[in-house]
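File shown: entry.pdb (PDB, C-alpha atoms).
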```
ATOM      1  CA  MET A 277      12.731  -0.372 -24.187  1.00  0.00           C
ATOM      2  CA  THR A 278      11.891  -2.211 -20.992  1.00  0.00           C
ATOM      3  CA  ALA A 279       8.474  -1.862 -19.371  1.00  0.00           C
ATOM      4  CA  LEU A 280       7.510  -2.306 -15.714  1.00  0.00           C
ATOM      5  CA  ARG A 281       4.259  -4.033 -14.823  1.00  0.00           C
ATOM      6  CA  GLU A 282       2.622  -5.936 -11.988  1.00  0.00           C
ATOM      7  CA  PHE A 283       3.972  -9.451 -11.374  1.00  0.00           C
ATOM      8  CA  THR A 284       1.440 -12.113 -12.454  1.00  0.00           C
ATOM      9  CA  PHE A 285       1.251 -15.837 -11.738  1.00  0.00           C
ATOM     10  CA  ASP A 286       2.217 -16.570 -15.362  1.00  0.00           C
ATOM     11  CA  ASP A 287       5.537 -14.882 -14.658  1.00  0.00           C
ATOM     12  CA  LEU A 288       6.416 -17.746 -12.303  1.00  0.00           C
ATOM     13  CA  PHE A 289       7.032 -19.845 -15.436  1.00  0.00           C
ATOM     14  CA  LYS A 290       9.310 -17.238 -17.014  1.00  0.00           C
ATOM     15  CA  PHE A 291      11.814 -16.323 -14.320  1.00  0.00           C
ATOM     16  CA  ASN A 292      13.937 -19.459 -13.815  1.00  0.00           C
ATOM     17  CA  ARG A 293      16.952 -17.899 -15.496  1.00  0.00           C
ATOM     18  CA  MET A 294      17.025 -15.182 -12.833  1.00  0.00           C
ATOM     19  CA  VAL A 295      15.991 -17.295  -9.845  1.00  0.00           C
ATOM     20  CA  PHE A 296      18.811 -19.785 -10.389  1.00  0.00           C
ATOM     21  CA  ASP A 297      21.446 -17.064 -10.740  1.00  0.00           C
ATOM     22  CA  PRO A 298      24.099 -17.469  -8.008  1.00  0.00           C
ATOM     23  CA  LEU A 299      23.430 -13.918  -6.740  1.00  0.00           C
ATOM     24  CA  THR A 300      19.708 -14.560  -6.172  1.00  0.00           C
ATOM     25  CA  GLU A 301      18.407 -16.486  -3.181  1.00  0.00           C
ATOM     26  CA  VAL A 302      16.355 -19.543  -4.103  1.00  0.00           C
ATOM     27  CA  TYR A 303      12.859 -19.686  -2.625  1.00  0.00           C
ATOM     28  CA  SER A 304       9.937 -22.049  -3.123  1.00  0.00           C
ATOM     29  CA  ILE A 305       7.098 -21.339  -5.524  1.00  0.00           C
ATOM     30  CA  SER A 306       4.768 -21.015  -2.530  1.00  0.00           C
ATOM     31  CA  PHE A 307       6.996 -18.204  -1.189  1.00  0.00           C
ATOM     32  CA  PHE A 308       6.516 -16.266  -4.439  1.00  0.00           C
ATOM     33  CA  MET A 309       2.794 -17.010  -4.599  1.00  0.00           C
ATOM     34  CA  ASP A 310       2.265 -15.816  -1.024  1.00  0.00           C
ATOM     35  CA  LYS A 311       4.050 -12.518  -1.724  1.00  0.00           C
ATOM     36  CA  ILE A 312       2.136 -11.909  -4.950  1.00  0.00           C
ATOM     37  CA  LEU A 313      -1.216 -12.644  -3.303  1.00  0.00           C
ATOM     38  CA  GLU A 314      -0.622 -10.647  -0.137  1.00  0.00           C
ATOM     39  CA  PHE A 315       1.172  -7.644  -1.667  1.00  0.00           C
ATOM     40  CA  PRO A 316       0.354  -7.452  -5.399  1.00  0.00           C
ATOM     41  CA  MET A 317       1.140  -3.723  -5.451  1.00  0.00           C
ATOM     42  CA  LEU A 318       4.693  -4.521  -4.287  1.00  0.00           C
ATOM     43  CA  ALA A 319       5.372  -7.204  -6.914  1.00  0.00           C
ATOM     44  CA  THR A 320       6.755  -5.836 -10.170  1.00  0.00           C
ATOM     45  CA  VAL A 321       8.508  -7.264 -13.210  1.00  0.00           C
ATOM     46  CA  ALA A 322      10.649  -5.638 -15.881  1.00  0.00           C
ATOM     47  CA  VAL A 323       9.821  -6.962 -19.345  1.00  0.00           C
ATOM     48  CA  ALA A 324      11.830  -6.553 -22.559  1.00  0.00           C
ATOM     49  CA  PRO A 325      10.018  -5.788 -25.854  1.00  0.00           C
ATOM     50  CA  ASN A 326      10.168  -9.502 -26.777  1.00  0.00           C
ATOM     51  CA  GLU A 327       8.199 -10.284 -23.553  1.00  0.00           C
ATOM     52  CA  GLN A 328      11.293 -11.758 -21.839  1.00  0.00           C
ATOM     53  CA  LEU A 329      11.362 -11.159 -18.102  1.00  0.00           C
ATOM     54  CA  VAL A 330      14.574  -9.284 -17.355  1.00  0.00           C
ATOM     55  CA  GLY A 331      14.045  -8.403 -13.694  1.00  0.00           C
ATOM     56  CA  PHE A 332      11.615  -8.514 -10.817  1.00  0.00           C
ATOM     57  CA  ILE A 333      11.110  -7.303  -7.271  1.00  0.00           C
ATOM     58  CA  LEU A 334       8.880  -8.594  -4.492  1.00  0.00           C
ATOM     59  CA  GLY A 335       8.232  -6.498  -1.443  1.00  0.00           C
ATOM     60  CA  THR A 336       6.240  -6.892   1.751  1.00  0.00           C
ATOM     61  CA  ARG A 337       4.959  -4.652   4.476  1.00  0.00           C
ATOM     62  CA  VAL A 338       5.517  -5.333   8.165  1.00  0.00           C
ATOM     63  CA  ILE A 339       2.998  -3.798  10.521  1.00  0.00           C
ATOM     64  CA  LYS A 340       3.802  -3.487  14.206  1.00  0.00           C
ATOM     65  CA  ASP A 341       3.300  -1.092  17.072  1.00  0.00           C
ATOM     66  CA  GLU A 342       6.474   0.549  18.318  1.00  0.00           C
ATOM     67  CA  LEU A 343       6.415   3.885  20.134  1.00  0.00           C
ATOM     68  CA  VAL A 344       9.300   6.239  19.419  1.00  0.00           C
ATOM     69  CA  GLY A 345      10.024   9.788  20.430  1.00  0.00           C
ATOM     70  CA  ASP A 346      11.526  11.991  23.097  1.00  0.00           C
ATOM     71  CA  GLY A 347       8.908  11.357  25.797  1.00  0.00           C
ATOM     72  CA  LYS A 348       6.903  14.480  24.964  1.00  0.00           C
ATOM     73  CA  ASN A 349       6.229  13.789  21.298  1.00  0.00           C
ATOM     74  CA  LEU A 350       5.561  10.092  20.884  1.00  0.00           C
ATOM     75  CA  ASP A 351       4.705   8.634  17.532  1.00  0.00           C
ATOM     76  CA  LEU A 352       3.750   5.156  16.462  1.00  0.00           C
ATOM     77  CA  ILE A 353       5.948   3.409  13.915  1.00  0.00           C
ATOM     78  CA  SER A 354       3.198   1.252  12.559  1.00  0.00           C
ATOM     79  CA  SER A 355       4.731  -0.151   9.417  1.00  0.00           C
ATOM     80  CA  HIS A 356       7.811  -0.538   7.315  1.00  0.00           C
ATOM     81  CA  GLY A 357       8.567  -2.119   3.983  1.00  0.00           C
ATOM     82  CA  HIS A 358      10.825  -5.034   3.206  1.00  0.00           C
ATOM     83  CA  VAL A 359      12.499  -6.025  -0.056  1.00  0.00           C
ATOM     84  CA  SER A 360      11.984  -9.791  -0.164  1.00  0.00           C
ATOM     85  CA  VAL A 361      13.653 -10.412  -3.538  1.00  0.00           C
ATOM     86  CA  LEU A 362      15.275  -8.261  -6.215  1.00  0.00           C
ATOM     87  CA  SER A 363      16.760 -10.002  -9.227  1.00  0.00           C
ATOM     88  CA  ILE A 364      17.962  -8.759 -12.595  1.00  0.00           C
ATOM     89  CA  ASP A 365      18.887 -11.075 -15.467  1.00  0.00           C
ATOM     90  CA  HIS A 366      22.698 -11.084 -15.685  1.00  0.00           C
ATOM     91  CA  GLU A 367      22.583  -9.844 -19.313  1.00  0.00           C
ATOM     92  CA  PHE A 368      20.558  -6.800 -18.268  1.00  0.00           C
ATOM     93  CA  ARG A 369      22.515  -5.665 -15.216  1.00  0.00           C
ATOM     94  CA  ARG A 370      23.998  -2.177 -15.037  1.00  0.00           C
ATOM     95  CA  LEU A 371      21.143  -0.722 -17.099  1.00  0.00           C
ATOM     96  CA  ALA A 372      19.399   0.878 -14.084  1.00  0.00           C
ATOM     97  CA  LEU A 373      16.602  -1.718 -14.001  1.00  0.00           C
ATOM     98  CA  GLY A 374      17.322  -2.488 -10.346  1.00  0.00           C
ATOM     99  CA  SER A 375      17.101   1.212  -9.531  1.00  0.00           C
ATOM    100  CA  LEU A 376      13.795   1.550 -11.397  1.00  0.00           C
ATOM    101  CA  LEU A 377      12.288  -1.428  -9.594  1.00  0.00           C
ATOM    102  CA  MET A 378      13.513  -0.173  -6.222  1.00  0.00           C
ATOM    103  CA  GLU A 379      12.207   3.364  -6.877  1.00  0.00           C
ATOM    104  CA  ARG A 380       8.776   1.985  -7.744  1.00  0.00           C
ATOM    105  CA  LEU A 381       8.748  -0.105  -4.572  1.00  0.00           C
ATOM    106  CA  HIS A 382       9.898   2.847  -2.434  1.00  0.00           C
ATOM    107  CA  ALA A 383       7.180   5.083  -3.935  1.00  0.00           C
ATOM    108  CA  SER A 384       4.496   2.506  -3.176  1.00  0.00           C
ATOM    109  CA  MET A 385       5.703   2.156   0.418  1.00  0.00           C
ATOM    110  CA  ASP A 386       5.890   5.922   0.804  1.00  0.00           C
ATOM    111  CA  ARG A 387       2.250   6.186  -0.356  1.00  0.00           C
ATOM    112  CA  GLN A 388       1.380   3.684   2.393  1.00  0.00           C
ATOM    113  CA  ARG A 389       3.149   6.009   4.869  1.00  0.00           C
ATOM    114  CA  ASP A 390       5.756   3.428   5.807  1.00  0.00           C
ATOM    115  CA  TRP A 391       8.695   4.647   7.869  1.00  0.00           C
ATOM    116  CA  TYR A 392      11.548   2.791   6.203  1.00  0.00           C
ATOM    117  CA  VAL A 393      12.483  -0.063   3.919  1.00  0.00           C
ATOM    118  CA  CYS A 394      14.773  -2.894   4.976  1.00  0.00           C
ATOM    119  CA  LEU A 395      16.410  -5.791   3.180  1.00  0.00           C
ATOM    120  CA  TYR A 396      18.891  -8.567   3.832  1.00  0.00           C
ATOM    121  CA  VAL A 397      22.044  -9.083   1.797  1.00  0.00           C
ATOM    122  CA  ARG A 398      24.917 -11.538   1.900  1.00  0.00           C
ATOM    123  CA  SER A 399      28.115 -10.029   3.283  1.00  0.00           C
ATOM    124  CA  LYS A 400      30.027 -11.494   0.301  1.00  0.00           C
ATOM    125  CA  ASN A 401      27.802  -9.727  -2.225  1.00  0.00           C
ATOM    126  CA  GLN A 402      29.760  -6.479  -2.289  1.00  0.00           C
ATOM    127  CA  GLY A 403      28.247  -5.384  -5.603  1.00  0.00           C
ATOM    128  CA  ALA A 404      24.741  -5.520  -4.128  1.00  0.00           C
ATOM    129  CA  ILE A 405      25.853  -3.755  -0.946  1.00  0.00           C
ATOM    130  CA  ARG A 406      27.366  -0.901  -2.991  1.00  0.00           C
ATOM    131  CA  PHE A 407      24.204  -0.716  -5.123  1.00  0.00           C
ATOM    132  CA  TYR A 408      21.968  -0.459  -2.056  1.00  0.00           C
ATOM    133  CA  GLN A 409      24.249   2.140  -0.468  1.00  0.00           C
ATOM    134  CA  LEU A 410      24.002   4.252  -3.639  1.00  0.00           C
ATOM    135  CA  LEU A 411      20.216   4.152  -3.227  1.00  0.00           C
ATOM    136  CA  GLY A 412      20.532   5.421   0.369  1.00  0.00           C
ATOM    137  CA  TYR A 413      20.550   2.203   2.379  1.00  0.00           C
ATOM    138  CA  VAL A 414      22.735   1.895   5.464  1.00  0.00           C
ATOM    139  CA  LYS A 415      24.171  -1.260   7.015  1.00  0.00           C
ATOM    140  CA  TYR A 416      22.003  -1.473  10.086  1.00  0.00           C
ATOM    141  CA  ARG A 417      22.654  -4.848  11.667  1.00  0.00           C
ATOM    142  CA  TRP A 418      25.224  -7.630  11.254  1.00  0.00           C
ATOM    143  CA  LEU A 419      23.604 -11.070  10.852  1.00  0.00           C
ATOM    144  CA  PRO A 420      26.161 -13.782  11.626  1.00  0.00           C
ATOM    145  CA  HIS A 421      25.439 -17.098   9.877  1.00  0.00           C
ATOM    146  CA  PHE A 422      22.182 -15.690   8.473  1.00  0.00           C
ATOM    147  CA  TYR A 423      22.683 -17.658   5.275  1.00  0.00           C
ATOM    148  CA  GLY A 424      23.780 -21.276   5.425  1.00  0.00           C
ATOM    149  CA  ASN A 425      27.265 -20.520   4.123  1.00  0.00           C
ATOM    150  CA  ASP A 426      27.551 -16.782   4.743  1.00  0.00           C
ATOM    151  CA  SER A 427      26.730 -13.995   7.138  1.00  0.00           C
ATOM    152  CA  GLY A 428      24.701 -11.009   6.095  1.00  0.00           C
ATOM    153  CA  TYR A 429      23.524  -7.518   6.831  1.00  0.00           C
ATOM    154  CA  GLU A 430      20.169  -5.983   7.432  1.00  0.00           C
ATOM    155  CA  MET A 431      20.218  -2.718   5.516  1.00  0.00           C
ATOM    156  CA  ARG A 432      17.708   0.089   6.039  1.00  0.00           C
ATOM    157  CA  MET A 433      16.675   3.220   4.215  1.00  0.00           C
ATOM    158  CA  PRO A 434      14.427   5.808   5.889  1.00  0.00           C
ATOM    159  CA  LEU A 435      11.456   6.940   3.816  1.00  0.00           C
ATOM    160  CA  PRO A 436      10.338  10.599   3.730  1.00  0.00           C
ATOM    161  CA  ARG A 437       8.076  10.136   6.758  1.00  0.00           C
ATOM    162  CA  ASP A 438      11.118   9.378   8.937  1.00  0.00           C
ATOM    163  CA  VAL A 439      12.608  12.861   8.745  1.00  0.00           C
ATOM    164  CA  GLU A 440      14.753  12.338  11.849  1.00  0.00           C
ATOM    165  CA  ARG A 441      16.004   8.917  10.668  1.00  0.00           C
ATOM    166  CA  ILE A 442      14.585   7.263  13.785  1.00  0.00           C
ATOM    167  CA  CYS A 443      14.725   3.852  12.144  1.00  0.00           C
ATOM    168  CA  LEU A 444      18.536   4.011  12.228  1.00  0.00           C
ATOM    169  CA  LYS A 445      18.947   5.127  15.847  1.00  0.00           C
ATOM    170  CA  GLU A 446      19.058   1.814  17.705  1.00  0.00           C
ATOM    171  CA  LYS A 447      22.795   2.132  18.253  1.00  0.00           C
ATOM    172  CA  ASP A 448      23.388  -1.281  19.787  1.00  0.00           C
ATOM    173  CA  ASN A 449      22.273  -2.915  16.511  1.00  0.00           C
ATOM    174  CA  MET A 450      24.128  -0.646  14.112  1.00  0.00           C
ATOM    175  CA  VAL A 451      27.253  -1.701  12.287  1.00  0.00           C
ATOM    176  CA  ASP A 452      30.087   0.202  10.702  1.00  0.00           C
ATOM    177  CA  SER A 453      28.826   1.606   7.394  1.00  0.00           C
ATOM    178  CA  SER A 454      32.083   0.846   5.568  1.00  0.00           C
TER     179      SER A 454
END
```
Translate the structure described by the file into structure tokens.
Amino acid sequence: MTALREFTFDDLFKFNRMVFDPLTEVYSISFFMDKILEFPMLATVAVAPNEQLVGFILGTRVIKDELVGDGKNLDLISSHGHVSVLSIDHEFRRLALGSLLMERLHASMDRQRDWYVCLYVRSKNQGAIRFYQLLGYVKYRWLPHFYGNDSGYEMRMPLPRDVERICLKEKDNMVDSS
């Protein structure tokens, strides 16, 4: 049985197999260290009984001031979450580990009263796009040439605080959800 726990610095020496997978973006060690230090509650690993790392997720929170509303009832969207990296060891895919890691991240962001969660995904990675859509994400914005050799999408999922799905209403940014 796989266990979820907080990502530690020692895990940086155990995740090469996942980080160098062609479906995972490659980032520097300092990128990972910054995320772990700034948002430890949003950094989680999945560990097999033999202590092998089989998946991990790193999230961040973005805090900004953006007024939304109908003119009478204004509210302040003060923060949203972002999935910086999600990676599952290729031998452990399709076992719901990605869903478990995402659910834990969503719950943490919901406790922080974030409005939505966003992420970026390569347009060629149709498996990941389908996975995120099954979790409730919507293609929000097309990102031409976002990756060196590929375009991408920003995908968003409203959290329970965003009852009216305000985070998806900027129509000039939205893309076809197909």
Check: Could you work out how far atom CA of A:Ile442 lies from atom CA of A:Phe332, giving the answer in Å with one decimal?
Finding: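 Going from atom CA of A:Phe332 over to atom CA of A:Ile442, I get 29.4 Å.
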Next item on the list: With a distance cut-off of 10 Å and all atoms listed in the file, select the neighbouring residues of A:Leu329, excluding the residue or stretch itself and same-chain residues fewer than 3 positions from it, and output the selection as a PyMOL selection string.
Entry: chain A and resi 278-280+287+290-294+321-326+332+364-365
Item checked: Spatial neighbours of A:Met309, 12 Å, all atoms listed in the file, chain gap at least 5 places, as a PyMOL selection string -> chain A and resi 283-289+303-304+314-316+319+334
Next item on the list: Quick one: apply the PyMOL selection byres ((chain A and resi 427) around 12) to the file and drop the selected residues here as a list in words.
Entry: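 Checking the PyMOL selection byres ((chain A and resi 427) around 12) against this file, the residues are Tyr396, Val397, Arg398, Ser399, Lys400, Asn401, Arg417, Trp418, Leu419, Pro420, His421, Phe422, Tyr423, Gly424, Asn425, Asp426, Gly428, Tyr429 and Glu430 of chain A.
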Item checked: Counting all atoms listed in the file, the residue of A:His366, A:His356, A:Leu373, A:Glu379 that sits nearest A:Asp438 -> A:His356
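Each of A:Arg369, A:Arg380, A:Lys445, A:Lys340 was compared to A:Arg432 using all atoms listed in the file, and A:Lys445 turns out to be the nearest.
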Excluding same-chain residues fewer than 3 positions from A:Phe407, what lies within 12 Å of it counting all atoms listed in the file, as a PDB file with C-alpha atoms, keeping the file's coordinate frame?
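Output file part-v1.pdb is given in full below:
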```
ATOM      1  CA  LEU A 362      15.275  -8.261  -6.215  1.00  0.00           C
ATOM      2  CA  ARG A 369      22.515  -5.665 -15.216  1.00  0.00           C
ATOM      3  CA  ARG A 370      23.998  -2.177 -15.037  1.00  0.00           C
ATOM      4  CA  ALA A 372      19.399   0.878 -14.084  1.00  0.00           C
ATOM      5  CA  LEU A 373      16.602  -1.718 -14.001  1.00  0.00           C
ATOM      6  CA  GLY A 374      17.322  -2.488 -10.346  1.00  0.00           C
ATOM      7  CA  SER A 375      17.101   1.212  -9.531  1.00  0.00           C
ATOM      8  CA  MET A 378      13.513  -0.173  -6.222  1.00  0.00           C
ATOM      9  CA  VAL A 397      22.044  -9.083   1.797  1.00  0.00           C
ATOM     10  CA  ASN A 401      27.802  -9.727  -2.225  1.00  0.00           C
ATOM     11  CA  GLN A 402      29.760  -6.479  -2.289  1.00  0.00           C
ATOM     12  CA  GLY A 403      28.247  -5.384  -5.603  1.00  0.00           C
ATOM     13  CA  ALA A 404      24.741  -5.520  -4.128  1.00  0.00           C
ATOM     14  CA  LEU A 410      24.002   4.252  -3.639  1.00  0.00           C
ATOM     15  CA  LEU A 411      20.216   4.152  -3.227  1.00  0.00           C
ATOM     16  CA  GLY A 412      20.532   5.421   0.369  1.00  0.00           C
ATOM     17  CA  TYR A 413      20.550   2.203   2.379  1.00  0.00           C
ATOM     18  CA  VAL A 414      22.735   1.895   5.464  1.00  0.00           C
ATOM     19  CA  MET A 431      20.218  -2.718   5.516  1.00  0.00           C
TER      20      MET A 431
END
```
Notebook entry, point to check: the PyMOL selection byres ((chain A and resi 443) around 10) on the file shown: which residues, as number ranges by chain?
Noted result: A: 344, 353, 356, 391-394, 416, 432-435, 438-442, 444-446
Just to be explicit: take each residue in the selection above, keep C-alpha atoms, and write the result as a short mmCIF file (atom, residue, chain, number, x, y, z; two decimals), in the coordinates of the input.
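See selection_18.cif below for the written result:
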```cif
data_model
loop_
_atom_site.label_atom_id
_atom_site.label_comp_id
_atom_site.auth_asym_id
_atom_site.auth_seq_id
_atom_site.Cartn_x
_atom_site.Cartn_y
_atom_site.Cartn_z
CA VAL A 344 9.30 6.24 19.42
CA ILE A 353 5.95 3.41 13.92
CA HIS A 356 7.81 -0.54 7.32
CA TRP A 391 8.70 4.65 7.87
CA TYR A 392 11.55 2.79 6.20
CA VAL A 393 12.48 -0.06 3.92
CA CYS A 394 14.77 -2.89 4.98
CA TYR A 416 22.00 -1.47 10.09
CA ARG A 432 17.71 0.09 6.04
CA MET A 433 16.68 3.22 4.22
CA PRO A 434 14.43 5.81 5.89
CA LEU A 435 11.46 6.94 3.82
CA ASP A 438 11.12 9.38 8.94
CA VAL A 439 12.61 12.86 8.74
CA GLU A 440 14.75 12.34 11.85
CA ARG A 441 16.00 8.92 10.67
CA ILE A 442 14.58 7.26 13.78
CA LEU A 444 18.54 4.01 12.23
CA LYS A 445 18.95 5.13 15.85
CA GLU A 446 19.06 1.81 17.70
#
```
Can stretch 308-342 of chain A be brought up to N, CA and C atoms and written out as a PDB file, in the coordinates of the input?
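Contents of the output file part_3.pdb:
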```pdb
ATOM      1  N   PHE A 308       6.859 -17.283  -3.442  1.00  0.00           N
ATOM      2  CA  PHE A 308       6.516 -16.266  -4.439  1.00  0.00           C
ATOM      3  C   PHE A 308       5.002 -16.045  -4.511  1.00  0.00           C
ATOM      4  N   MET A 309       4.250 -17.131  -4.508  1.00  0.00           N
ATOM      5  CA  MET A 309       2.794 -17.010  -4.599  1.00  0.00           C
ATOM      6  C   MET A 309       2.228 -16.244  -3.410  1.00  0.00           C
ATOM      7  N   ASP A 310       2.735 -16.528  -2.210  1.00  0.00           N
ATOM      8  CA  ASP A 310       2.265 -15.816  -1.024  1.00  0.00           C
ATOM      9  C   ASP A 310       2.522 -14.317  -1.134  1.00  0.00           C
ATOM     10  N   LYS A 311       3.707 -13.942  -1.598  1.00  0.00           N
ATOM     11  CA  LYS A 311       4.050 -12.518  -1.724  1.00  0.00           C
ATOM     12  C   LYS A 311       3.162 -11.837  -2.755  1.00  0.00           C
ATOM     13  N   ILE A 312       2.954 -12.498  -3.883  1.00  0.00           N
ATOM     14  CA  ILE A 312       2.136 -11.909  -4.950  1.00  0.00           C
ATOM     15  C   ILE A 312       0.690 -11.733  -4.486  1.00  0.00           C
ATOM     16  N   LEU A 313       0.170 -12.725  -3.782  1.00  0.00           N
ATOM     17  CA  LEU A 313      -1.216 -12.644  -3.303  1.00  0.00           C
ATOM     18  C   LEU A 313      -1.403 -11.598  -2.210  1.00  0.00           C
ATOM     19  N   GLU A 314      -0.468 -11.554  -1.272  1.00  0.00           N
ATOM     20  CA  GLU A 314      -0.622 -10.647  -0.137  1.00  0.00           C
ATOM     21  C   GLU A 314      -0.285  -9.197  -0.481  1.00  0.00           C
ATOM     22  N   PHE A 315       0.713  -8.999  -1.344  1.00  0.00           N
ATOM     23  CA  PHE A 315       1.172  -7.644  -1.667  1.00  0.00           C
ATOM     24  C   PHE A 315       1.319  -7.454  -3.176  1.00  0.00           C
ATOM     25  N   PRO A 316       0.229  -7.562  -3.936  1.00  0.00           N
ATOM     26  CA  PRO A 316       0.354  -7.452  -5.399  1.00  0.00           C
ATOM     27  C   PRO A 316       0.910  -6.102  -5.855  1.00  0.00           C
ATOM     28  N   MET A 317       0.645  -5.049  -5.079  1.00  0.00           N
ATOM     29  CA  MET A 317       1.140  -3.723  -5.451  1.00  0.00           C
ATOM     30  C   MET A 317       2.647  -3.571  -5.217  1.00  0.00           C
ATOM     31  N   LEU A 318       3.253  -4.555  -4.550  1.00  0.00           N
ATOM     32  CA  LEU A 318       4.693  -4.521  -4.287  1.00  0.00           C
ATOM     33  C   LEU A 318       5.436  -5.595  -5.074  1.00  0.00           C
ATOM     34  N   ALA A 319       4.771  -6.175  -6.072  1.00  0.00           N
ATOM     35  CA  ALA A 319       5.372  -7.204  -6.914  1.00  0.00           C
ATOM     36  C   ALA A 319       5.393  -6.696  -8.346  1.00  0.00           C
ATOM     37  N   THR A 320       6.596  -6.456  -8.858  1.00  0.00           N
ATOM     38  CA  THR A 320       6.755  -5.836 -10.170  1.00  0.00           C
ATOM     39  C   THR A 320       7.784  -6.602 -10.990  1.00  0.00           C
ATOM     40  N   VAL A 321       7.540  -6.669 -12.294  1.00  0.00           N
ATOM     41  CA  VAL A 321       8.508  -7.264 -13.210  1.00  0.00           C
ATOM     42  C   VAL A 321       8.930  -6.224 -14.243  1.00  0.00           C
ATOM     43  N   ALA A 322      10.146  -6.414 -14.750  1.00  0.00           N
ATOM     44  CA  ALA A 322      10.649  -5.638 -15.881  1.00  0.00           C
ATOM     45  C   ALA A 322      10.629  -6.574 -17.081  1.00  0.00           C
ATOM     46  N   VAL A 323      10.014  -6.122 -18.163  1.00  0.00           N
ATOM     47  CA  VAL A 323       9.821  -6.962 -19.345  1.00  0.00           C
ATOM     48  C   VAL A 323      10.428  -6.279 -20.561  1.00  0.00           C
ATOM     49  N   ALA A 324      11.228  -7.051 -21.318  1.00  0.00           N
ATOM     50  CA  ALA A 324      11.830  -6.553 -22.559  1.00  0.00           C
ATOM     51  C   ALA A 324      10.762  -6.537 -23.654  1.00  0.00           C
ATOM     52  N   PRO A 325      11.008  -5.844 -24.769  1.00  0.00           N
ATOM     53  CA  PRO A 325      10.018  -5.788 -25.854  1.00  0.00           C
ATOM     54  C   PRO A 325       9.615  -7.166 -26.397  1.00  0.00           C
ATOM     55  N   ASN A 326      10.496  -8.157 -26.294  1.00  0.00           N
ATOM     56  CA  ASN A 326      10.168  -9.502 -26.777  1.00  0.00           C
ATOM     57  C   ASN A 326       9.417 -10.323 -25.722  1.00  0.00           C
ATOM     58  N   GLU A 327       8.941  -9.670 -24.664  1.00  0.00           N
ATOM     59  CA  GLU A 327       8.199 -10.284 -23.553  1.00  0.00           C
ATOM     60  C   GLU A 327       9.066 -11.110 -22.607  1.00  0.00           C
ATOM     61  N   GLN A 328      10.396 -11.059 -22.761  1.00  0.00           N
ATOM     62  CA  GLN A 328      11.293 -11.758 -21.839  1.00  0.00           C
ATOM     63  C   GLN A 328      11.343 -11.011 -20.515  1.00  0.00           C
ATOM     64  N   LEU A 329      11.189 -11.745 -19.421  1.00  0.00           N
ATOM     65  CA  LEU A 329      11.362 -11.159 -18.102  1.00  0.00           C
ATOM     66  C   LEU A 329      12.843 -10.876 -17.892  1.00  0.00           C
ATOM     67  N   VAL A 330      13.174  -9.643 -17.539  1.00  0.00           N
ATOM     68  CA  VAL A 330      14.574  -9.284 -17.355  1.00  0.00           C
ATOM     69  C   VAL A 330      14.870  -8.834 -15.920  1.00  0.00           C
ATOM     70  N   GLY A 331      13.847  -8.759 -15.092  1.00  0.00           N
ATOM     71  CA  GLY A 331      14.045  -8.403 -13.694  1.00  0.00           C
ATOM     72  C   GLY A 331      12.723  -8.448 -12.953  1.00  0.00           C
ATOM     73  N   PHE A 332      12.828  -8.562 -11.632  1.00  0.00           N
ATOM     74  CA  PHE A 332      11.615  -8.514 -10.817  1.00  0.00           C
ATOM     75  C   PHE A 332      11.981  -8.126  -9.390  1.00  0.00           C
ATOM     76  N   ILE A 333      10.971  -7.645  -8.675  1.00  0.00           N
ATOM     77  CA  ILE A 333      11.110  -7.303  -7.271  1.00  0.00           C
ATOM     78  C   ILE A 333       9.834  -7.728  -6.549  1.00  0.00           C
ATOM     79  N   LEU A 334      10.013  -8.257  -5.359  1.00  0.00           N
ATOM     80  CA  LEU A 334       8.880  -8.594  -4.492  1.00  0.00           C
ATOM     81  C   LEU A 334       9.112  -7.915  -3.153  1.00  0.00           C
ATOM     82  N   GLY A 335       8.143  -7.165  -2.724  1.00  0.00           N
ATOM     83  CA  GLY A 335       8.232  -6.498  -1.443  1.00  0.00           C
ATOM     84  C   GLY A 335       7.107  -6.924  -0.527  1.00  0.00           C
ATOM     85  N   THR A 336       7.275  -6.634   0.759  1.00  0.00           N
ATOM     86  CA  THR A 336       6.240  -6.892   1.751  1.00  0.00           C
ATOM     87  C   THR A 336       6.149  -5.689   2.675  1.00  0.00           C
ATOM     88  N   ARG A 337       5.094  -5.666   3.443  1.00  0.00           N
ATOM     89  CA  ARG A 337       4.959  -4.652   4.476  1.00  0.00           C
ATOM     90  C   ARG A 337       4.857  -5.351   5.818  1.00  0.00           C
ATOM     91  N   VAL A 338       5.537  -4.799   6.805  1.00  0.00           N
ATOM     92  CA  VAL A 338       5.517  -5.333   8.165  1.00  0.00           C
ATOM     93  C   VAL A 338       4.820  -4.299   9.029  1.00  0.00           C
ATOM     94  N   ILE A 339       3.765  -4.725   9.698  1.00  0.00           N
ATOM     95  CA  ILE A 339       2.998  -3.798  10.521  1.00  0.00           C
ATOM     96  C   ILE A 339       3.162  -4.203  11.976  1.00  0.00           C
ATOM     97  N   LYS A 340       3.619  -3.244  12.772  1.00  0.00           N
ATOM     98  CA  LYS A 340       3.802  -3.487  14.206  1.00  0.00           C
ATOM     99  C   LYS A 340       3.599  -2.185  14.946  1.00  0.00           C
ATOM    100  N   ASP A 341       3.463  -2.281  16.235  1.00  0.00           N
ATOM    101  CA  ASP A 341       3.300  -1.092  17.072  1.00  0.00           C
ATOM    102  C   ASP A 341       4.569  -0.877  17.873  1.00  0.00           C
ATOM    103  N   GLU A 342       5.236   0.220  17.613  1.00  0.00           N
ATOM    104  CA  GLU A 342       6.474   0.549  18.318  1.00  0.00           C
ATOM    105  C   GLU A 342       6.480   2.053  18.563  1.00  0.00           C
TER     106      GLU A 342
END
```
